[in-house]
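Visitor: Sharing a structure with you now.
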2 protein chains.
Amino acid sequence: MALRHAVLAALLDGEASGYELGKRFDRGVGELWNARPQQVYAELNTLERSGLIRGREVPQQGRPTKRVFVPTEAGYAELARFAADSARPAAHRDDLLVKVYAADAVDAASLIAQLRERAAQSRSRAAMLDKVLERLRDGAEETEFLGGSSRVGPYLACMRGRMFEQDTLHWCLRAIEVLEARG
Amino acid sequence: MALRHAVLAALLDGEASGYELGKRFDRGVGELWNARPQQVYAELNTLERSGLIRGREVPQQGRPTKRVFVPTEAGYAELARFAADSARPAAHRDDLLVKVYAADAVDAASLIAQLRERAAQSRSRAAMLDKVLERLRDGAEETEFLGGSSRVGPYLACMRGRMFEQDTLHWCLRAIEVLEARG
DNA sequence: ACTTATTACTCAAGAACTTGAGTATTCATA
DNA sequence: TATGAATACTCAAGTTCTTGAGTAATAAGT
């Protein structure tokens, strides 16, 4: 009960291959649940064997054949069941935060460099998520879109990701400022 | 390389027993890295066997004897090494976010109930972190404290946690609003 | 013709984490 | 004086995730 449901939820947006999902889980939907491609492929196979998704081969022009998947009825039912029972608490796991916690006992220069790198990542992820949100809104105003659309789930989830990246950016900048002021 | 360094970093604040860390990792420092008590105990034993921390028994009045740990020189060195090499990307893993992503395909009432619960949790965690921050500042102004103190690491890390909880709260309230407006 | 990059996916070993059950001590409360 | 709650910790089994090394097909540059 883990990546499994994230994959199932991602497939609500339409059929996708392991490769496509692998990229999404490293990027856009990485806000949702991050995973290595290998694990995504493994989960797809497990889900298919359990009858929760169904795959079909799609030959492509100029590329290897891929296998794309859609949830089955059982898959939708499983997702509904999952959504209804109690959620595990969110997992916060970030090496950088641990390093900052130990800031007073470790090399500041390297820490600052890593905070700068993270700040840059957060800035670009925030920008990417802005584009994703814009594409989802498809011209409409946010309030209007959220009132009327039938696909608010991905929008709300991306909003959360966007907020998170914005926050991370602010925090990194503040931490850099503090650490630099100490010499 | 995981909970290991979070435990090591947590021990910078002074000696602690597995039980004490277990509580911290479920609550205050849970922002830093969450873990079950069993895993914390296991890590403490591994760290001790590796010579990165040293434990001693502390008999207590009216309670079972506990074992408290402090980092050794090797432990400090390991933490420095860890802080210097490249961080893994942060892990985002939250069942509730997956459920919201699937909002359009699952029962809204249960989702709203779970969002309310999470909102309440975030509100109380934010309040708790405010107290922790206040205690760390110990009367000083934030700017003053961050400029002068020798223990900014935990402060910066708790700040991040505080921001995260605040954000989570806002997001939950917004998501509830949107989902309720759809009936 | 050769290398490199991208797409597309698999296998296997091991590390990290969760779950569930259990031990033992002391204090409070009924 | 039994019962429950909190402290303090262990063991074992299982799941989940990471790491590293592959295979194979096509395209694009050198």
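By convention here, the chains of the structure tokens are called A, B, ... in the order presented, each chain's residues are numbered starting at 1, and ligands are numbered starting at 1 in the order presented.
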Kindly assemble as a Markdown table a list of the chain A residues that lie within 12 Å of chain C, each paired with its nearest atom pair and their distance in Å to one decimal, using only C-alpha atoms (C1' of nucleotides), sorted first by chain and then by ascending residue number.

Guide:
```
| residue | atom | partner | partner_atom | distance |
| --- | --- | --- | --- | --- |
| A:Met1 | CA | C:DT18 | C1' | 11.2 |
| A:Ala2 | CA | C:DT18 | C1' | 11.6 |
| A:Ser17 | CA | C:DA8 | C1' | 9.0 |
| A:Gly18 | CA | C:DA8 | C1' | 8.2 |
| A:Tyr19 | CA | C:DA8 | C1' | 6.4 |
| A:Glu20 | CA | C:DA8 | C1' | 9.6 |
| A:Leu21 | CA | C:DA8 | C1' | 11.8 |
| A:Gly22 | CA | C:DA8 | C1' | 10.7 |
| A:Lys23 | CA | C:DT7 | C1' | 11.6 |
| A:Pro37 | CA | C:DC9 | C1' | 9.5 |
| A:Gln38 | CA | C:DT10 | C1' | 8.4 |
| A:Gln39 | CA | C:DT10 | C1' | 11.0 |
| A:Val40 | CA | C:DC9 | C1' | 10.8 |
| A:Tyr41 | CA | C:DC9 | C1' | 7.7 |
| A:Ala42 | CA | C:DT10 | C1' | 9.1 |
| A:Leu44 | CA | C:DC9 | C1' | 11.7 |
| A:Asn45 | CA | C:DT10 | C1' | 11.1 |
| A:Glu57 | CA | C:DA8 | C1' | 11.7 |
| A:Val58 | CA | C:DA8 | C1' | 11.5 |
| A:Pro59 | CA | C:DA8 | C1' | 11.4 |
| A:Gln60 | CA | C:DT7 | C1' | 10.5 |
| A:Gln61 | CA | C:DT7 | C1' | 11.7 |
| A:Gly62 | CA | C:DT7 | C1' | 9.7 |
| A:Arg63 | CA | C:DT7 | C1' | 6.4 |
| A:Pro64 | CA | C:DA8 | C1' | 6.3 |
| A:Thr65 | CA | C:DA8 | C1' | 7.4 |
| A:Lys66 | CA | C:DA8 | C1' | 6.4 |
| A:Arg67 | CA | C:DA8 | C1' | 8.8 |
| A:Val68 | CA | C:DA8 | C1' | 11.3 |
| A:Arg88 | CA | C:DT18 | C1' | 11.1 |
| A:Ala91 | CA | C:DC17 | C1' | 11.1 |
```

Visitor: Could you please write out, as a list in words, every residue of chain A that DSSP assigns to strand (DSSP E)?

Guide: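 The residues of chain A classed as strand (DSSP E) are Ala16, Ser17, Ile53, Arg54, Gly55, Arg56, Glu57, Val58, Pro59, Gln60, Arg63, Pro64, Thr65, Lys66, Arg67, Val68, Phe69, Val70, Pro71, Ala91, His92 and Arg93 of chain A.
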
Visitor: Please extract the residues of chain B with a backbone DSSP assignment of alpha helix (DSSP H) and present them as a ChimeraX atom specification.

Guide: /B:3-10,18-26,37-49,73-84,95-101,108-137,142-148,152-181

Visitor: Can I have chain A aligned to chain B? Use a least-squares fit on all Cα atoms paired in order and write it out as a CSV table (one decimal) with C-alpha atoms, in the first residue's frame.

Guide:
```csv
chain,number,residue,atom,x,y,z
A,1,MET,CA,22.4,6.2,5.3
A,2,ALA,CA,19.1,7.4,6.4
A,3,LEU,CA,17.5,7.6,9.8
A,4,ARG,CA,21.1,6.9,11.0
A,5,HIS,CA,22.2,10.5,10.4
A,6,ALA,CA,19.0,12.0,11.7
A,7,VAL,CA,19.6,10.2,15.0
A,8,LEU,CA,23.2,11.3,15.1
A,9,ALA,CA,22.1,14.9,14.4
A,10,ALA,CA,19.4,14.7,17.1
A,11,LEU,CA,22.0,13.6,19.6
A,12,LEU,CA,23.9,16.9,19.1
A,13,ASP,CA,21.3,18.4,21.4
A,14,GLY,CA,22.6,16.3,24.3
A,15,GLU,CA,22.4,12.7,25.4
A,16,ALA,CA,19.1,10.9,24.9
A,17,SER,CA,17.6,7.5,25.3
A,18,GLY,CA,15.9,5.5,22.6
A,19,TYR,CA,12.6,6.1,24.2
A,20,GLU,CA,13.1,9.9,24.2
A,21,LEU,CA,14.3,9.9,20.6
A,22,GLY,CA,11.4,7.6,19.7
A,23,LYS,CA,9.0,10.3,20.9
A,24,ARG,CA,10.9,13.1,19.3
A,25,PHE,CA,10.8,11.3,15.9
A,26,ASP,CA,7.1,10.8,16.2
A,27,ARG,CA,6.5,14.5,17.2
A,28,GLY,CA,8.9,17.4,17.2
A,29,VAL,CA,11.7,16.1,15.1
A,30,GLY,CA,9.2,14.2,13.1
A,31,GLU,CA,9.5,17.2,10.8
A,32,LEU,CA,13.1,16.2,10.4
A,33,TRP,CA,12.7,12.5,9.8
A,34,ASN,CA,9.9,10.3,11.0
A,35,ALA,CA,10.3,6.8,12.3
A,36,ARG,CA,8.8,4.2,14.5
A,37,PRO,CA,10.4,3.6,18.0
A,38,GLN,CA,11.5,0.1,17.0
A,39,GLN,CA,13.6,1.5,14.2
A,40,VAL,CA,15.1,4.2,16.4
A,41,TYR,CA,16.2,1.5,18.9
A,42,ALA,CA,17.6,-0.6,16.1
A,43,GLU,CA,19.6,2.4,14.7
A,44,LEU,CA,21.0,3.2,18.1
A,45,ASN,CA,22.3,-0.3,18.5
A,46,THR,CA,23.8,-0.2,15.0
A,47,LEU,CA,25.4,3.2,15.7
A,48,GLU,CA,26.8,1.9,19.0
A,49,ARG,CA,28.2,-1.2,17.4
A,50,SER,CA,29.8,1.0,14.7
A,51,GLY,CA,31.4,3.1,17.4
A,52,LEU,CA,29.6,6.3,16.3
A,53,ILE,CA,27.7,6.8,19.6
A,54,ARG,CA,28.4,5.7,23.1
A,55,GLY,CA,25.7,4.6,25.6
A,56,ARG,CA,25.6,4.4,29.3
A,57,GLU,CA,22.9,3.1,31.7
A,58,VAL,CA,21.0,5.6,33.8
A,59,PRO,CA,19.1,4.1,36.7
A,60,GLN,CA,16.0,6.2,37.5
A,61,GLN,CA,13.8,6.7,40.6
A,62,GLY,CA,10.4,5.1,40.0
A,63,ARG,CA,11.1,4.1,36.4
A,64,PRO,CA,12.9,1.4,34.5
A,65,THR,CA,16.6,2.0,33.9
A,66,LYS,CA,17.3,3.7,30.6
A,67,ARG,CA,20.3,3.8,28.2
A,68,VAL,CA,21.3,7.3,27.0
A,69,PHE,CA,23.7,7.9,24.1
A,70,VAL,CA,26.1,10.6,22.9
A,71,PRO,CA,28.0,10.8,19.6
A,72,THR,CA,31.7,9.8,19.8
A,73,GLU,CA,34.4,11.6,17.9
A,74,ALA,CA,33.9,9.1,15.1
A,75,GLY,CA,30.2,10.0,15.2
A,76,TYR,CA,31.0,13.7,14.7
A,77,ALA,CA,33.3,12.8,11.9
A,78,GLU,CA,30.6,10.7,10.2
A,79,LEU,CA,28.1,13.5,10.5
A,80,ALA,CA,30.6,15.9,8.9
A,81,ARG,CA,31.2,13.5,6.1
A,82,PHE,CA,27.5,13.0,5.6
A,83,ALA,CA,26.9,16.7,5.5
A,84,ALA,CA,29.6,17.3,3.0
A,85,ASP,CA,28.6,14.8,0.3
A,86,SER,CA,25.7,15.1,-2.0
A,87,ALA,CA,22.2,14.8,-0.6
A,88,ARG,CA,19.6,12.5,-1.9
A,89,PRO,CA,16.5,14.3,-3.2
A,90,ALA,CA,13.8,14.7,-0.5
A,91,ALA,CA,11.1,12.0,-0.3
A,92,HIS,CA,7.6,13.2,-0.6
A,93,ARG,CA,5.2,10.5,0.5
A,94,ASP,CA,1.7,11.3,1.7
A,95,ASP,CA,-1.3,9.1,1.3
A,96,LEU,CA,-3.6,12.1,1.7
A,97,LEU,CA,-2.1,13.8,-1.3
A,98,VAL,CA,-2.6,10.7,-3.4
A,99,LYS,CA,-6.2,10.5,-2.3
A,100,VAL,CA,-6.8,14.2,-3.2
A,101,TYR,CA,-5.1,13.5,-6.6
A,102,ALA,CA,-7.8,10.9,-7.1
A,103,ALA,CA,-10.5,13.2,-5.7
A,104,ASP,CA,-12.7,13.0,-8.8
A,105,ALA,CA,-12.9,9.2,-8.7
A,106,VAL,CA,-13.5,8.6,-4.9
A,107,ASP,CA,-15.9,9.5,-2.1
A,108,ALA,CA,-15.7,13.2,-1.3
A,109,ALA,CA,-17.2,13.0,2.2
A,110,SER,CA,-14.5,10.7,3.5
A,111,LEU,CA,-11.8,12.8,1.8
A,112,ILE,CA,-13.2,16.0,3.4
A,113,ALA,CA,-13.2,14.3,6.8
A,114,GLN,CA,-9.6,13.3,6.4
A,115,LEU,CA,-8.6,16.8,5.2
A,116,ARG,CA,-10.3,18.2,8.4
A,117,GLU,CA,-8.3,15.8,10.5
A,118,ARG,CA,-5.1,16.7,8.8
A,119,ALA,CA,-5.8,20.4,9.2
A,120,ALA,CA,-6.3,20.0,12.9
A,121,GLN,CA,-3.1,18.0,13.2
A,122,SER,CA,-1.2,20.7,11.3
A,123,ARG,CA,-2.6,23.4,13.4
A,124,SER,CA,-1.5,21.7,16.6
A,125,ARG,CA,1.9,20.8,15.3
A,126,ALA,CA,2.4,24.4,14.1
A,127,ALA,CA,1.5,25.6,17.6
A,128,MET,CA,3.9,23.0,19.2
A,129,LEU,CA,6.7,24.1,16.9
A,130,ASP,CA,6.0,27.7,17.8
A,131,LYS,CA,6.7,26.8,21.4
A,132,VAL,CA,9.8,24.9,20.5
A,133,LEU,CA,11.1,27.9,18.5
A,134,GLU,CA,10.2,30.2,21.4
A,135,ARG,CA,12.1,28.0,23.8
A,136,LEU,CA,15.1,27.9,21.5
A,137,ARG,CA,15.1,31.7,21.1
A,138,ASP,CA,14.9,31.9,24.9
A,139,GLY,CA,13.7,35.5,25.1
A,140,ALA,CA,15.7,36.9,22.2
A,141,GLU,CA,14.3,38.3,18.9
A,142,GLU,CA,14.5,35.9,16.0
A,143,THR,CA,16.9,38.1,14.0
A,144,GLU,CA,19.1,38.7,17.0
A,145,PHE,CA,19.1,35.0,17.9
A,146,LEU,CA,19.9,33.8,14.4
A,147,GLY,CA,22.8,36.3,14.2
A,148,GLY,CA,24.4,35.4,17.4
A,149,SER,CA,23.6,31.9,18.6
A,150,SER,CA,25.8,28.9,18.3
A,151,ARG,CA,22.8,26.6,17.8
A,152,VAL,CA,21.0,27.8,14.7
A,153,GLY,CA,20.7,24.4,13.1
A,154,PRO,CA,17.7,23.1,15.1
A,155,TYR,CA,16.1,26.5,14.9
A,156,LEU,CA,16.3,26.6,11.1
A,157,ALA,CA,15.1,23.0,10.9
A,158,CYS,CA,12.1,23.7,13.1
A,159,MET,CA,11.4,26.9,11.1
A,160,ARG,CA,11.1,24.6,8.0
A,161,GLY,CA,8.7,22.3,9.9
A,162,ARG,CA,6.7,25.3,11.1
A,163,MET,CA,6.4,26.6,7.5
A,164,PHE,CA,5.4,23.2,6.3
A,165,GLU,CA,2.6,22.8,8.8
A,166,GLN,CA,1.3,26.2,8.1
A,167,ASP,CA,1.2,25.5,4.4
A,168,THR,CA,-0.4,22.1,4.9
A,169,LEU,CA,-3.1,23.8,7.0
A,170,HIS,CA,-3.9,26.4,4.3
A,171,TRP,CA,-3.9,23.8,1.6
A,172,CYS,CA,-6.3,21.5,3.6
A,173,LEU,CA,-8.7,24.4,4.1
A,174,ARG,CA,-8.6,25.3,0.5
A,175,ALA,CA,-9.2,21.7,-0.6
A,176,ILE,CA,-12.1,21.3,1.8
A,177,GLU,CA,-13.6,24.5,0.4
A,178,VAL,CA,-13.3,23.3,-3.2
A,179,LEU,CA,-14.6,19.8,-2.5
A,180,GLU,CA,-17.5,21.1,-0.5
A,181,ALA,CA,-18.5,23.6,-3.1
A,182,ARG,CA,-19.0,20.6,-5.5
A,183,GLY,CA,-21.6,19.0,-3.3
```

Visitor: Using only C-alpha atoms (C1' of nucleotides) and a distance of at most 8 Å, pull out the residues of chain D that contact chain B, as JSON, numbers by chain.

Guide: {"D": [7, 8, 9]}

Visitor: Store the residues picked out above in a file with C-alpha atoms (C1' of nucleotides), as an mmCIF file, in the first residue's frame.

Guide:
```cif
data_model
loop_
_atom_site.group_PDB
_atom_site.id
_atom_site.type_symbol
_atom_site.label_atom_id
_atom_site.label_comp_id
_atom_site.auth_asym_id
_atom_site.auth_seq_id
_atom_site.Cartn_x
_atom_site.Cartn_y
_atom_site.Cartn_z
ATOM 1 C "C1'" DT D 7 8.267 4.012 30.609
ATOM 2 C "C1'" DA D 8 11.864 1.306 28.321
ATOM 3 C "C1'" DC D 9 13.173 -1.873 25.166
#
```
